[in-house]
$ cat my_file-v4.cif   # mmCIF, C-alpha atoms; chains and numbers go by the auth columns
data_upload
#
loop_
_atom_site.group_PDB
_atom_site.id
_atom_site.type_symbol
_atom_site.label_atom_id
_atom_site.label_comp_id
_atom_site.label_asym_id
_atom_site.label_seq_id
_atom_site.Cartn_x
_atom_site.Cartn_y
_atom_site.Cartn_z
_atom_site.B_iso_or_equiv
_atom_site.auth_seq_id
_atom_site.auth_asym_id
ATOM 1 C CA MET A 1 12.138 16.361 -2.907 0.00 1 A
ATOM 2 C CA SER A 2 12.204 14.106 0.135 0.00 2 A
ATOM 3 C CA ARG A 3 15.012 14.458 2.619 0.00 3 A
ATOM 4 C CA ILE A 4 17.389 11.526 3.028 0.00 4 A
ATOM 5 C CA GLN A 5 17.308 9.972 6.470 0.00 5 A
ATOM 6 C CA PRO A 6 20.978 9.141 7.133 0.00 6 A
ATOM 7 C CA GLY A 7 22.028 5.919 8.839 0.00 7 A
ATOM 8 C CA ARG A 8 20.323 2.570 9.395 0.00 8 A
ATOM 9 C CA LEU A 9 16.705 2.883 10.447 0.00 9 A
ATOM 10 C CA THR A 10 13.721 0.596 10.898 0.00 10 A
ATOM 11 C CA ALA A 11 9.978 1.237 10.941 0.00 11 A
ATOM 12 C CA ALA A 12 8.558 2.138 14.338 0.00 12 A
ATOM 13 C CA HIS A 13 5.453 0.016 13.640 0.00 13 A
ATOM 14 C CA SER A 14 4.442 -2.696 16.064 0.00 14 A
ATOM 15 C CA GLY A 15 1.469 -5.015 15.939 0.00 15 A
ATOM 16 C CA PRO A 16 -0.328 -6.755 13.111 0.00 16 A
ATOM 17 C CA LEU A 17 -0.630 -5.184 9.690 0.00 17 A
ATOM 18 C CA VAL A 18 -2.313 -5.638 6.325 0.00 18 A
ATOM 19 C CA VAL A 19 -0.297 -4.941 3.184 0.00 19 A
ATOM 20 C CA PHE A 20 -2.480 -4.270 0.153 0.00 20 A
ATOM 21 C CA VAL A 21 -0.848 -4.062 -3.266 0.00 21 A
ATOM 22 C CA ILE A 22 -3.126 -2.543 -5.913 0.00 22 A
ATOM 23 C CA GLY A 23 -2.486 -1.320 -9.401 0.00 23 A
ATOM 24 C CA MET A 24 -3.468 -0.936 -12.995 0.00 24 A
ATOM 25 C CA ARG A 25 -1.889 -1.822 -16.305 0.00 25 A
ATOM 26 C CA ILE A 26 -2.585 0.074 -19.503 0.00 26 A
ATOM 27 C CA ASN A 27 -3.017 -2.654 -22.105 0.00 27 A
ATOM 28 C CA HIS A 28 -3.907 -0.299 -24.986 0.00 28 A
ATOM 29 C CA PHE A 29 -2.333 3.185 -24.771 0.00 29 A
ATOM 30 C CA HIS A 30 -4.484 4.541 -27.593 0.00 30 A
ATOM 31 C CA LYS A 31 -7.711 3.856 -25.658 0.00 31 A
ATOM 32 C CA VAL A 32 -7.204 6.776 -23.281 0.00 32 A
ATOM 33 C CA GLY A 33 -10.939 7.006 -22.595 0.00 33 A
ATOM 34 C CA LYS A 34 -10.774 3.566 -20.963 0.00 34 A
ATOM 35 C CA TRP A 35 -7.644 3.819 -18.815 0.00 35 A
ATOM 36 C CA LEU A 36 -7.581 7.495 -17.819 0.00 36 A
ATOM 37 C CA PRO A 37 -10.766 7.286 -15.697 0.00 37 A
ATOM 38 C CA VAL A 38 -9.312 4.246 -13.896 0.00 38 A
ATOM 39 C CA PHE A 39 -6.080 6.144 -13.239 0.00 39 A
ATOM 40 C CA ARG A 40 -7.930 9.251 -12.038 0.00 40 A
ATOM 41 C CA ALA A 41 -10.206 7.314 -9.665 0.00 41 A
ATOM 42 C CA MET A 42 -7.440 6.439 -7.204 0.00 42 A
ATOM 43 C CA GLY A 43 -6.602 10.000 -6.066 0.00 43 A
ATOM 44 C CA PRO A 44 -10.078 10.782 -4.687 0.00 44 A
ATOM 45 C CA MET A 45 -10.194 7.391 -2.929 0.00 45 A
ATOM 46 C CA LEU A 46 -6.861 8.036 -1.232 0.00 46 A
ATOM 47 C CA GLY A 47 -7.917 11.571 -0.292 0.00 47 A
ATOM 48 C CA GLU A 48 -11.022 10.175 1.340 0.00 48 A
ATOM 49 C CA LEU A 49 -8.953 7.645 3.286 0.00 49 A
ATOM 50 C CA TYR A 50 -6.342 10.164 4.450 0.00 50 A
ATOM 51 C CA ARG A 51 -9.107 12.452 5.717 0.00 51 A
ATOM 52 C CA ASN A 52 -10.554 9.623 7.808 0.00 52 A
ATOM 53 C CA PRO A 53 -7.936 8.227 10.235 0.00 53 A
ATOM 54 C CA GLU A 54 -10.598 5.951 11.778 0.00 54 A
ATOM 55 C CA SER A 55 -10.830 4.064 8.455 0.00 55 A
ATOM 56 C CA GLY A 56 -7.879 1.837 9.375 0.00 56 A
ATOM 57 C CA PHE A 57 -5.887 3.085 6.377 0.00 57 A
ATOM 58 C CA LEU A 58 -2.323 3.868 7.461 0.00 58 A
ATOM 59 C CA GLY A 59 -0.780 5.158 4.240 0.00 59 A
ATOM 60 C CA THR A 60 0.443 4.359 0.754 0.00 60 A
ATOM 61 C CA GLU A 61 3.471 4.352 -1.463 0.00 61 A
ATOM 62 C CA TYR A 62 3.274 4.926 -5.246 0.00 62 A
ATOM 63 C CA MET A 63 5.446 2.944 -7.637 0.00 63 A
ATOM 64 C CA LEU A 64 5.874 2.926 -11.383 0.00 64 A
ATOM 65 C CA ARG A 65 6.628 -0.618 -12.502 0.00 65 A
ATOM 66 C CA SER A 66 6.789 0.302 -16.189 0.00 66 A
ATOM 67 C CA LEU A 67 5.284 2.851 -18.551 0.00 67 A
ATOM 68 C CA ARG A 68 2.176 0.664 -18.549 0.00 68 A
ATOM 69 C CA THR A 69 1.841 -0.288 -14.878 0.00 69 A
ATOM 70 C CA VAL A 70 1.260 1.822 -11.778 0.00 70 A
ATOM 71 C CA VAL A 71 1.331 0.144 -8.346 0.00 71 A
ATOM 72 C CA LEU A 72 0.254 1.392 -4.936 0.00 72 A
ATOM 73 C CA LEU A 73 1.570 -0.293 -1.831 0.00 73 A
ATOM 74 C CA GLN A 74 -0.938 0.358 0.938 0.00 74 A
ATOM 75 C CA TYR A 75 -0.779 -0.308 4.664 0.00 75 A
ATOM 76 C CA TRP A 76 -3.906 -1.004 6.710 0.00 76 A
ATOM 77 C CA ARG A 77 -4.515 -1.628 10.401 0.00 77 A
ATOM 78 C CA ASP A 78 -6.494 -4.825 9.700 0.00 78 A
ATOM 79 C CA PHE A 79 -8.361 -6.713 6.985 0.00 79 A
ATOM 80 C CA ASP A 80 -11.791 -5.766 8.338 0.00 80 A
ATOM 81 C CA SER A 81 -10.983 -2.075 7.786 0.00 81 A
ATOM 82 C CA LEU A 82 -9.819 -2.691 4.214 0.00 82 A
ATOM 83 C CA GLU A 83 -12.888 -4.773 3.419 0.00 83 A
ATOM 84 C CA ALA A 84 -15.250 -2.234 4.996 0.00 84 A
ATOM 85 C CA PHE A 85 -13.844 0.499 2.758 0.00 85 A
ATOM 86 C CA ALA A 86 -14.036 -1.687 -0.354 0.00 86 A
ATOM 87 C CA ARG A 87 -17.684 -2.578 0.279 0.00 87 A
ATOM 88 C CA ALA A 88 -18.989 0.777 1.554 0.00 88 A
ATOM 89 C CA ARG A 89 -21.601 1.986 -0.921 0.00 89 A
ATOM 90 C CA ASP A 90 -21.325 5.553 0.377 0.00 90 A
ATOM 91 C CA GLN A 91 -17.574 5.901 -0.198 0.00 91 A
ATOM 92 C CA LYS A 92 -15.554 6.455 -3.376 0.00 92 A
ATOM 93 C CA HIS A 93 -14.323 2.912 -4.030 0.00 93 A
ATOM 94 C CA TRP A 94 -17.679 1.301 -4.745 0.00 94 A
ATOM 95 C CA PRO A 95 -18.780 3.763 -7.472 0.00 95 A
ATOM 96 C CA ALA A 96 -15.309 3.594 -9.059 0.00 96 A
ATOM 97 C CA TRP A 97 -15.425 -0.213 -9.076 0.00 97 A
ATOM 98 C CA THR A 98 -18.920 -0.171 -10.593 0.00 98 A
ATOM 99 C CA ALA A 99 -17.823 2.345 -13.251 0.00 99 A
ATOM 100 C CA PHE A 100 -14.793 0.196 -14.135 0.00 100 A
ATOM 101 C CA ASN A 101 -16.933 -2.896 -14.579 0.00 101 A
ATOM 102 C CA LYS A 102 -19.417 -0.988 -16.739 0.00 102 A
ATOM 103 C CA ALA A 103 -16.857 0.851 -18.916 0.00 103 A
ATOM 104 C CA VAL A 104 -14.093 -1.753 -19.149 0.00 104 A
ATOM 105 C CA GLY A 105 -15.294 -5.065 -17.747 0.00 105 A
ATOM 106 C CA SER A 106 -13.374 -7.813 -19.504 0.00 106 A
ATOM 107 C CA ASP A 107 -12.649 -6.013 -22.793 0.00 107 A
ATOM 108 C CA GLY A 108 -8.888 -6.178 -22.154 0.00 108 A
ATOM 109 C CA THR A 109 -8.077 -2.474 -22.475 0.00 109 A
ATOM 110 C CA VAL A 110 -7.124 -1.950 -18.829 0.00 110 A
ATOM 111 C CA GLY A 111 -5.868 -4.476 -16.331 0.00 111 A
ATOM 112 C CA ILE A 112 -6.300 -4.054 -12.601 0.00 112 A
ATOM 113 C CA PHE A 113 -4.935 -6.187 -9.811 0.00 113 A
ATOM 114 C CA HIS A 114 -4.605 -6.412 -6.092 0.00 114 A
ATOM 115 C CA GLU A 115 -2.912 -8.671 -3.585 0.00 115 A
ATOM 116 C CA THR A 116 -3.645 -8.675 0.130 0.00 116 A
ATOM 117 C CA TYR A 117 -1.283 -9.896 2.841 0.00 117 A
ATOM 118 C CA VAL A 118 -2.311 -10.190 6.473 0.00 118 A
ATOM 119 C CA VAL A 119 0.844 -9.921 8.550 0.00 119 A
ATOM 120 C CA PRO A 120 0.603 -11.010 12.192 0.00 120 A
ATOM 121 C CA GLU A 121 2.490 -9.193 14.921 0.00 121 A
ATOM 122 C CA HIS A 122 6.210 -10.083 14.941 0.00 122 A
ATOM 123 C CA ALA A 123 6.034 -11.403 11.354 0.00 123 A
ATOM 124 C CA SER A 124 7.623 -8.491 9.523 0.00 124 A
ATOM 125 C CA GLU A 125 10.782 -6.453 9.689 0.00 125 A
ATOM 126 C CA THR A 126 12.164 -3.447 7.835 0.00 126 A
ATOM 127 C CA ILE A 127 15.468 -1.740 7.204 0.00 127 A
ATOM 128 C CA TYR A 128 16.166 1.608 5.553 0.00 128 A
ATOM 129 C CA ALA A 129 19.769 2.728 5.024 0.00 129 A
ATOM 130 C CA ASN A 130 20.278 6.306 3.892 0.00 130 A
ATOM 131 C CA MET A 131 16.757 6.415 2.443 0.00 131 A
ATOM 132 C CA VAL A 132 14.022 8.976 2.139 0.00 132 A
ATOM 133 C CA LEU A 133 10.914 8.197 4.162 0.00 133 A
ATOM 134 C CA PHE A 134 9.497 5.133 2.436 0.00 134 A
ATOM 135 C CA GLY A 135 6.964 2.355 2.897 0.00 135 A
ATOM 136 C CA LEU A 136 6.073 1.274 6.398 0.00 136 A
ATOM 137 C CA GLY A 137 8.738 3.600 7.774 0.00 137 A
ATOM 138 C CA LYS A 138 7.002 6.559 6.122 0.00 138 A
ATOM 139 C CA VAL A 139 3.646 5.436 7.501 0.00 139 A
ATOM 140 C CA SER A 140 4.698 4.662 11.076 0.00 140 A
ATOM 141 C CA GLY A 141 7.859 6.709 11.520 0.00 141 A
ATOM 142 C CA MET A 142 11.407 5.422 11.786 0.00 142 A
ATOM 143 C CA VAL A 143 13.738 4.637 14.651 0.00 143 A
ATOM 144 C CA PRO A 144 17.450 3.761 14.661 0.00 144 A
ATOM 145 C CA ALA A 145 18.196 0.104 13.871 0.00 145 A
ATOM 146 C CA THR A 146 20.452 -0.318 16.884 0.00 146 A
ATOM 147 C CA GLY A 147 20.443 -2.490 19.985 0.00 147 A
ATOM 148 C CA SER A 148 17.528 -4.958 19.838 0.00 148 A
ATOM 149 C CA ARG A 149 16.650 -3.558 16.400 0.00 149 A
ATOM 150 C CA ASN A 150 20.111 -4.178 14.899 0.00 150 A
ATOM 151 C CA GLU A 151 19.494 -7.568 13.241 0.00 151 A
ATOM 152 C CA ALA A 152 16.561 -8.775 11.129 0.00 152 A
ATOM 153 C CA ARG A 153 15.768 -11.665 13.493 0.00 153 A
ATOM 154 C CA SER A 154 15.747 -9.322 16.474 0.00 154 A
ATOM 155 C CA ARG A 155 13.356 -6.972 14.664 0.00 155 A
ATOM 156 C CA MET A 156 11.044 -9.951 14.016 0.00 156 A
ATOM 157 C CA LYS A 157 11.075 -10.769 17.766 0.00 157 A
ATOM 158 C CA GLY A 158 8.541 -13.623 17.628 0.00 158 A
ATOM 159 C CA ILE A 159 10.379 -15.810 15.098 0.00 159 A
ATOM 160 C CA SER A 160 12.416 -18.618 16.612 0.00 160 A
ATOM 161 C CA SER A 161 15.715 -19.955 15.292 0.00 161 A
ATOM 162 C CA PRO A 162 15.582 -23.065 13.061 0.00 162 A
ATOM 163 C CA ASN A 163 16.530 -26.322 14.849 0.00 163 A
#
$ encode --input "my_file-v4.cif" --output "structure tokens"
Amino acid sequence: MSRIQPGRLTAAHSGPLVVFVIGMRINHFHKVGKWLPVFRAMGPMLGELYRNPESGFLGTEYMLRSLRTVVLLQYWRDFDSLEAFARARDQKHWPAWTAFNKAVGSDGTVGIFHETYVVPEHASETIYANMVLFGLGKVSGMVPATGSRNEARSRMKGISSPN
């Protein structure tokens, strides 16, 4: 079990960031042979990324949206790194993607999705109060949300006040 980090903390991250949300939805539970390989493919991909810090992959967070839907919230250094991994024929994503299209395609048994957000420097902020290590704070480390990090606008730094 993760240890609670007491107090108000914020992620130590600075600089630009890519947030990649990826997941799968089981549309037909009884078709285990369709969805189980999709589910099992993610672990080896993440293992490959964690073993290669130069990949630009910073870390991930797993979430269960419902009994049917699993979501991974991933953090990347930049979009080029994410795209390079997705397109690399010699890494685990490409064969998994090819296998999905061959086995499932558009038959409706398994849904997959992703959303990509490119976040410029000074365009994000975080707060964690009495939380376990989570999200960007887990990936980059956490620091106390005091002083210049006390308020959301101060954590954003580059955002100006509305006129």
$ resolve_selection --input "my_file-v4.cif" --expression "the PyMOL selection byres ((chain A and resi 9) around 7)" --output "mmCIF file with C-alpha atoms, in the coordinates of the input"
data_model
loop_
_atom_site.group_PDB
_atom_site.id
_atom_site.type_symbol
_atom_site.label_atom_id
_atom_site.label_comp_id
_atom_site.auth_asym_id
_atom_site.auth_seq_id
_atom_site.Cartn_x
_atom_site.Cartn_y
_atom_site.Cartn_z
ATOM 1 C CA GLY A 7 22.028 5.919 8.839
ATOM 2 C CA ARG A 8 20.323 2.570 9.395
ATOM 3 C CA THR A 10 13.721 0.596 10.898
ATOM 4 C CA ALA A 11 9.978 1.237 10.941
ATOM 5 C CA ILE A 127 15.468 -1.740 7.204
ATOM 6 C CA TYR A 128 16.166 1.608 5.553
ATOM 7 C CA ALA A 129 19.769 2.728 5.024
ATOM 8 C CA MET A 142 11.407 5.422 11.786
ATOM 9 C CA VAL A 143 13.738 4.637 14.651
ATOM 10 C CA PRO A 144 17.450 3.761 14.661
ATOM 11 C CA ALA A 145 18.196 0.104 13.871
#
$ closest_residue --input "my_file-v4.cif" --among "A:Phe57, A:Trp97, A:Trp35, A:Phe79" --to "A:Tyr117" --atoms "only C-alpha atoms"
A:Phe79
$ closest_residue --input "my_file-v4.cif" --among "A:Phe113, A:Phe20, A:Phe29, A:Phe100" --to "A:Leu58" --atoms "only C-alpha atoms"
A:Phe20
$ atom_distance --input "my_file-v4.cif" --atom1 "atom CA of A:His28" --atom2 "atom CA of A:Ala99"
18.4 Å
$ residues_around --input "my_file-v4.cif" --residues "A:Glu48" --least-positions-apart "4" --cutoff "9 Å" --atoms "all atoms listed in the file" --output "PyMOL selection string"
chain A and resi 43-44+52+91-92
$ resolve_selection --input "my_file-v4.cif" --expression "the PyMOL selection byres ((chain A and resi 78) around 8)" --output "MDAnalysis selection string"
chainID A and resid 16:18 56 76:77 79:82 118
$ closest_residue --input "my_file-v4.cif" --among "A:Lys34, A:Arg68, A:Arg3, A:Lys138" --to "A:Lys102" --atoms "only C-alpha atoms"
A:Lys34
$ atom_distance --input "my_file-v4.cif" --atom1 "atom CA of A:Arg155" --atom2 "atom CA of A:Thr116"
22.4 Å
$ resolve_selection --input "my_file-v4.cif" --expression "the PyMOL selection byres ((chain A and resi 124) around 10)" --output "PyMOL selection string"
chain A and resi 13-17+119-123+125-126+152-153+155-159
$ write_last_selection --input "my_file-v4.cif" --atoms "C-alpha atoms" --output "CSV table (one decimal), in the frame of the given file"
chain,number,residue,atom,x,y,z
A,13,HIS,CA,5.5,0.0,13.6
A,14,SER,CA,4.4,-2.7,16.1
A,15,GLY,CA,1.5,-5.0,15.9
A,16,PRO,CA,-0.3,-6.8,13.1
A,17,LEU,CA,-0.6,-5.2,9.7
A,119,VAL,CA,0.8,-9.9,8.6
A,120,PRO,CA,0.6,-11.0,12.2
A,121,GLU,CA,2.5,-9.2,14.9
A,122,HIS,CA,6.2,-10.1,14.9
A,123,ALA,CA,6.0,-11.4,11.4
A,125,GLU,CA,10.8,-6.5,9.7
A,126,THR,CA,12.2,-3.4,7.8
A,152,ALA,CA,16.6,-8.8,11.1
A,153,ARG,CA,15.8,-11.7,13.5
A,155,ARG,CA,13.4,-7.0,14.7
A,156,MET,CA,11.0,-10.0,14.0
A,157,LYS,CA,11.1,-10.8,17.8
A,158,GLY,CA,8.5,-13.6,17.6
A,159,ILE,CA,10.4,-15.8,15.1
$ atom_distance --input "my_file-v4.cif" --atom1 "atom CA of A:Leu49" --atom2 "atom CA of A:Gly111"
23.3 Å
$ residues_around --input "my_file-v4.cif" --residues "A:Val132" --least-positions-apart "6" --cutoff "7 Å" --atoms "only C-alpha atoms" --output "ChimeraX atom specification"
/A:2-5
$ residues_around --input "my_file-v4.cif" --residues "A:Val21" --least-positions-apart "6" --cutoff "7 Å" --atoms "only C-alpha atoms" --output "VMD selection string"
chain A and resid 71 to 74 114 to 116
$ axis_aligned_box --input "my_file-v4.cif" --around "stretch 54-73 of chain A" --padding-each-side "8 Å" --output "AutoDock Vina command-line options"
--center_x -2.0 --center_y 2.7 --center_z -3.4 --size_x 33.6 --size_y 22.6 --size_z 46.3
$ residues_around --input "my_file-v4.cif" --residues "A:Pro37" --least-positions-apart "4" --cutoff "10 Å" --atoms "only C-alpha atoms" --output "PyMOL selection string"
chain A and resi 32-33+41-42+96+99-100+103
$ write_last_selection --input "my_file-v4.cif" --atoms "C-alpha atoms" --output "JSON list (two decimals), in the coordinates of the input"
[["chain", "number", "residue", "atom", "x", "y", "z"],
["A", 32, "VAL", "CA", -7.20, 6.78, -23.28],
["A", 33, "GLY", "CA", -10.94, 7.01, -22.60],
["A", 41, "ALA", "CA", -10.21, 7.31, -9.66],
["A", 42, "MET", "CA", -7.44, 6.44, -7.20],
["A", 96, "ALA", "CA", -15.31, 3.59, -9.06],
["A", 99, "ALA", "CA", -17.82, 2.35, -13.25],
["A", 100, "PHE", "CA", -14.79, 0.20, -14.14],
["A", 103, "ALA", "CA", -16.86, 0.85, -18.92]]
$ build_atoms --input "my_file-v4.cif" --residues "stretch 141-158 of chain A" --atoms "N, CA and C atoms" --output "tab-separated table (two decimals), keeping the file's coordinate frame"
chain	number	residue	atom	x	y	z
A	141	GLY	N	6.69	6.05	10.96
A	141	GLY	CA	7.86	6.71	11.52
A	141	GLY	C	9.01	5.73	11.58
A	142	MET	N	10.21	6.27	11.76
A	142	MET	CA	11.41	5.42	11.79
A	142	MET	C	12.19	5.64	13.07
A	143	VAL	N	12.87	4.59	13.47
A	143	VAL	CA	13.74	4.64	14.65
A	143	VAL	C	15.08	4.02	14.27
A	144	PRO	N	16.14	4.35	14.98
A	144	PRO	CA	17.45	3.76	14.66
A	144	PRO	C	17.43	2.24	14.78
A	145	ALA	N	18.09	1.57	13.86
A	145	ALA	CA	18.20	0.10	13.87
A	145	ALA	C	19.43	-0.27	14.68
A	146	THR	N	19.35	-0.04	15.98
A	146	THR	CA	20.45	-0.32	16.88
A	146	THR	C	19.93	-1.18	18.02
A	147	GLY	N	20.84	-1.69	18.84
A	147	GLY	CA	20.44	-2.49	19.98
A	147	GLY	C	19.59	-3.67	19.56
A	148	SER	N	18.41	-3.83	20.16
A	148	SER	CA	17.53	-4.96	19.84
A	148	SER	C	16.95	-4.86	18.43
A	149	ARG	N	17.15	-3.73	17.77
A	149	ARG	CA	16.65	-3.56	16.40
A	149	ARG	C	17.78	-3.68	15.37
A	150	ASN	N	18.95	-4.13	15.78
A	150	ASN	CA	20.11	-4.18	14.90
A	150	ASN	C	20.01	-5.26	13.83
A	151	GLU	N	19.53	-6.44	14.17
A	151	GLU	CA	19.49	-7.57	13.24
A	151	GLU	C	18.06	-7.90	12.85
A	152	ALA	N	17.89	-8.44	11.64
A	152	ALA	CA	16.56	-8.78	11.13
A	152	ALA	C	15.80	-9.68	12.09
A	153	ARG	N	16.45	-10.73	12.60
A	153	ARG	CA	15.77	-11.66	13.49
A	153	ARG	C	15.32	-10.96	14.77
A	154	SER	N	16.12	-10.07	15.27
A	154	SER	CA	15.75	-9.32	16.47
A	154	SER	C	14.55	-8.41	16.20
A	155	ARG	N	14.49	-7.83	15.01
A	155	ARG	CA	13.36	-6.97	14.66
A	155	ARG	C	12.08	-7.80	14.53
A	156	MET	N	12.22	-9.07	14.15
A	156	MET	CA	11.04	-9.95	14.02
A	156	MET	C	10.53	-10.40	15.39
A	157	LYS	N	11.38	-10.44	16.37
A	157	LYS	CA	11.08	-10.77	17.77
A	157	LYS	C	10.44	-12.15	17.95
A	158	GLY	N	9.29	-12.40	17.36
A	158	GLY	CA	8.54	-13.62	17.63
A	158	GLY	C	8.97	-14.83	16.81
